[in-house]
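In what follows, a single structure is set out as structure tokens and then discussed.
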Amino acid sequence: MSDAGPLRVCALYPDLMNIYADRGNLLMLQRRCEWRGIGFELNGVGIGEELDADAADLYYMGGGQDRDQELCASDLVEHKRSALAAAAQRGAVIFGVCGGYQLLGHAYQVGDAELPGVGLLDVRTVRSDGPRLIGNVAITVDLPGASDQVLAGFENHAGRTHIGPGAAPLGRVLRGHGNNGADQREGAFSGSVLGTYLHGPLLPKNAWFADWLISTALGGIALPPLEDALEDQAHADARRAAGV
Ligand code: GLN
């Protein structure tokens, strides 16, 4: 057993915010911890439940359809925002995918309705009448300790996200649409809070990023390499699908 960890993960709304097999991201984190002898603990928090700001090293929210997001948005603000903000403050990783990413921002405007977000990322999303932004996507990432690495995955969203001055893009679009199909930016981050539109699920196709999240959530520890032949192949396939 390693001295590091355990990695304590809290999944927000694991039943509602989980499309395109986003749960696979959690399995990937679990396996890569366990293969290294690092303990892994997973908890889920649903509607009406209070969030413990100290109970996890990594808080995760997957994607969802508009109606699922609608069910979660006000609960997130009412019951979980202050704990999430406190967790971010102490350096816990907060990671949102697609619908989860949108709700980490200030708001998701859907027609006349505005779904509130927790405002941990300086981004705002507006649902457009234009076509959904769908397809394979690849980006080069610009994160501390991981610049110029490639993330490859799949996106399917109607919302267009715009980044304000308080956040940086997670990466630059090589292929695909990214945040809004116009500015070549994909995802966003601010300190240890990150969001991306990449589904698929994302982490099994991008093992390096799973390790980046594990290491960052555990305070920046160095992780021993794993035998990654299959993971490298999955990454290469996802890049190929995106044409990169
Ligand atoms: N419902 C949101 C949108 O369409 C998010 C979709 C998703 O999570 N795939 O923009």
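Chain identifiers are assigned as A, B, and so on, following the order in which chains appear in the structure tokens; residues are numbered from 1 within each chain, and ligands are numbered from 1 in order of appearance.
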
* **Filtered DSSP result for chain A, state strand (DSSP E or B), as a PyMOL selection string** => chain A and resi 7-12+40-45+58-61+93-97+107-110+113-116+123-127+133-143+146-157+159-163+168+171-175+185-186+188-190+193-196+199

* Output the neighbourhood of ligand 1 as a PyMOL selection string, that is, all protein and nucleic acid residues with some atom at most 7 Å from the ligand, counting only C-alpha atoms and all ligand atoms. => chain A and resi 19+63-66+69+97-100+127+155-159

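Computed from the coordinates, the CA of Asp122 in chain A to CA of Gly24 in chain A distance equals 27.1 Å.
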
* Sel. of helix (DSSP H, G or I) residues, range 46-203 of chain A, as a ChimeraX atom specification -> /A:66-89,99-104,203

Residue subset to file, keeping C-alpha atoms, as a short mmCIF file (atom, residue, chain, number, x, y, z; two decimals), in the first residue's frame:
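Output saved as part-v9.cif:
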```cif
data_model
loop_
_atom_site.label_atom_id
_atom_site.label_comp_id
_atom_site.auth_asym_id
_atom_site.auth_seq_id
_atom_site.Cartn_x
_atom_site.Cartn_y
_atom_site.Cartn_z
CA ASP A 66 -31.20 20.48 -19.72
CA ARG A 67 -34.03 18.97 -17.67
CA ASP A 68 -31.62 17.13 -15.37
CA GLN A 69 -29.60 20.30 -14.95
CA GLU A 70 -32.80 22.11 -14.08
CA LEU A 71 -33.45 19.60 -11.30
CA CYS A 72 -29.97 20.12 -9.86
CA ALA A 73 -29.22 23.82 -10.40
CA SER A 74 -31.09 25.46 -7.53
CA ASP A 75 -30.23 22.58 -5.17
CA LEU A 76 -26.57 23.04 -6.05
CA VAL A 77 -26.73 26.71 -5.22
CA GLU A 78 -28.80 26.28 -2.08
CA HIS A 79 -27.20 23.21 -0.51
CA LYS A 80 -23.75 22.89 -1.98
CA ARG A 81 -22.33 26.20 -3.20
CA SER A 82 -20.73 27.41 0.03
CA ALA A 83 -19.17 24.00 0.79
CA LEU A 84 -17.83 23.74 -2.77
CA ALA A 85 -16.36 27.23 -2.50
CA ALA A 86 -14.71 26.31 0.81
CA ALA A 87 -13.35 23.10 -0.71
CA ALA A 88 -11.92 25.02 -3.68
CA GLN A 89 -10.40 27.52 -1.24
CA GLY A 99 -23.60 20.12 -18.03
CA GLY A 100 -21.55 19.94 -14.82
CA TYR A 101 -19.07 22.43 -16.28
CA GLN A 102 -21.89 24.81 -17.19
CA LEU A 103 -23.22 24.73 -13.61
CA LEU A 104 -19.78 25.56 -12.18
CA LEU A 203 -10.46 10.04 -18.62
#
```

Long-range neighbours of Met61 in chain A as a PDB file with N, CA, C and O atoms, in the first residue's frame, 6 Å cut-off, only C-alpha atoms, 2 positions minimum in chain:
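Just written: around-v7.pdb:
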```
ATOM      1  N   ALA A  11     -18.967  12.429  -5.824  1.00  0.00           N
ATOM      2  CA  ALA A  11     -19.687  12.642  -7.087  1.00  0.00           C
ATOM      3  C   ALA A  11     -20.979  13.401  -6.788  1.00  0.00           C
ATOM      4  O   ALA A  11     -21.778  12.973  -5.957  1.00  0.00           O
ATOM      5  N   LEU A  12     -21.151  14.520  -7.464  1.00  0.00           N
ATOM      6  CA  LEU A  12     -22.360  15.324  -7.282  1.00  0.00           C
ATOM      7  C   LEU A  12     -23.439  14.809  -8.222  1.00  0.00           C
ATOM      8  O   LEU A  12     -23.207  14.699  -9.428  1.00  0.00           O
ATOM      9  N   GLY A  96     -15.883  19.573 -13.468  1.00  0.00           N
ATOM     10  CA  GLY A  96     -17.199  19.415 -14.089  1.00  0.00           C
ATOM     11  C   GLY A  96     -17.078  19.100 -15.568  1.00  0.00           C
ATOM     12  O   GLY A  96     -16.204  19.636 -16.269  1.00  0.00           O
ATOM     13  N   GLY A 100     -22.171  19.645 -16.116  1.00  0.00           N
ATOM     14  CA  GLY A 100     -21.547  19.939 -14.819  1.00  0.00           C
ATOM     15  C   GLY A 100     -20.647  21.162 -14.925  1.00  0.00           C
ATOM     16  O   GLY A 100     -20.608  22.009 -14.020  1.00  0.00           O
TER      17      GLY A 100
END
```

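Distances from A:Gly200, A:Gly176, A:Gly220, A:Gly195 to Ala242 in chain A were compared using only C-alpha atoms, and the smallest one belongs to A:Gly176.
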
With only C-alpha atoms as the counted atoms, please give the residues lying no more than 7 Å from Gly39 in chain A, apart from itself and same-chain residues fewer than 5 positions off, as a CSV table (one decimal) with N, CA, C and O atoms, in the first residue's frame.
```csv
chain,number,residue,atom,x,y,z
A,5,GLY,N,-2.5,9.2,-0.2
A,5,GLY,CA,-4.0,9.0,-0.3
A,5,GLY,C,-4.5,8.6,1.1
A,5,GLY,O,-3.9,8.9,2.1
A,6,PRO,N,-5.7,8.1,1.2
A,6,PRO,CA,-6.5,7.7,0.0
A,6,PRO,C,-7.0,8.9,-0.8
A,6,PRO,O,-7.1,10.0,-0.2
A,7,LEU,N,-7.4,8.7,-2.0
A,7,LEU,CA,-8.1,9.7,-2.8
A,7,LEU,C,-9.6,9.6,-2.5
A,7,LEU,O,-10.2,8.6,-2.7
A,33,CYS,N,-5.7,4.7,-9.1
A,33,CYS,CA,-5.3,4.8,-7.7
A,33,CYS,C,-4.9,3.3,-7.2
A,33,CYS,O,-3.8,3.1,-6.7
A,34,GLU,N,-5.9,2.4,-7.4
A,34,GLU,CA,-5.7,1.1,-6.9
A,34,GLU,C,-4.5,0.4,-7.5
A,34,GLU,O,-3.8,-0.3,-6.8
```

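Ranking A:Val193, A:Ala4, A:Leu51, A:Val137 by their shortest atom-to-atom distance to Gly178 in chain A, with only C-alpha atoms included, puts A:Val137 first.
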
Using only C-alpha atoms, find each residue in range 162-185 of chain A having at least one atom no more than 12 Å away from range 105-113 of chain A; report its shortest atom-to-atom pair and that distance in Å (one decimal), rows by chain then rising number, as a Markdown table.
```
| residue | atom | partner | partner_atom | distance |
| --- | --- | --- | --- | --- |
| A:His162 | CA | A:Gly105 | CA | 9.7 |
| A:Ile163 | CA | A:Gly105 | CA | 9.1 |
| A:Gly164 | CA | A:Gly105 | CA | 9.9 |
| A:Gly166 | CA | A:Gly105 | CA | 10.9 |
| A:Ala167 | CA | A:Gly105 | CA | 10.0 |
```

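If only C-alpha atoms are the atoms counted, then among A:Val244, A:Ala53, A:Leu213, A:Val123 the closest residue to Gly145 in chain A is A:Leu213.
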
* Asked: Taking only C-alpha atoms into account, which of A:Ile134, A:Ala146, A:Val9, A:Leu202 comes nearest Arg175 in chain A?
  -> A:Ile134

* Fewer than 3 positions away in the same chain doesn't count, so skip those; otherwise give me all residues within 12 Å of Asn43 in chain A, counting only C-alpha atoms, as number ranges by chain. => A: 7-14, 26, 40, 46, 51-52, 55-60

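Residue nearest Leu133 in chain A, chosen from A:Leu16, A:Ala182, A:Ala92, A:Leu42 and counting only C-alpha atoms: A:Ala182.
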
* Between A:Leu218, A:Gly153, A:Val173, A:Gly191, which is the closest to His235 in chain A once you count only C-alpha atoms? -> A:Gly153

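As for CA of Lys205 in chain A and CA of Gln149 in chain A, they are spaced 12.9 Å apart.
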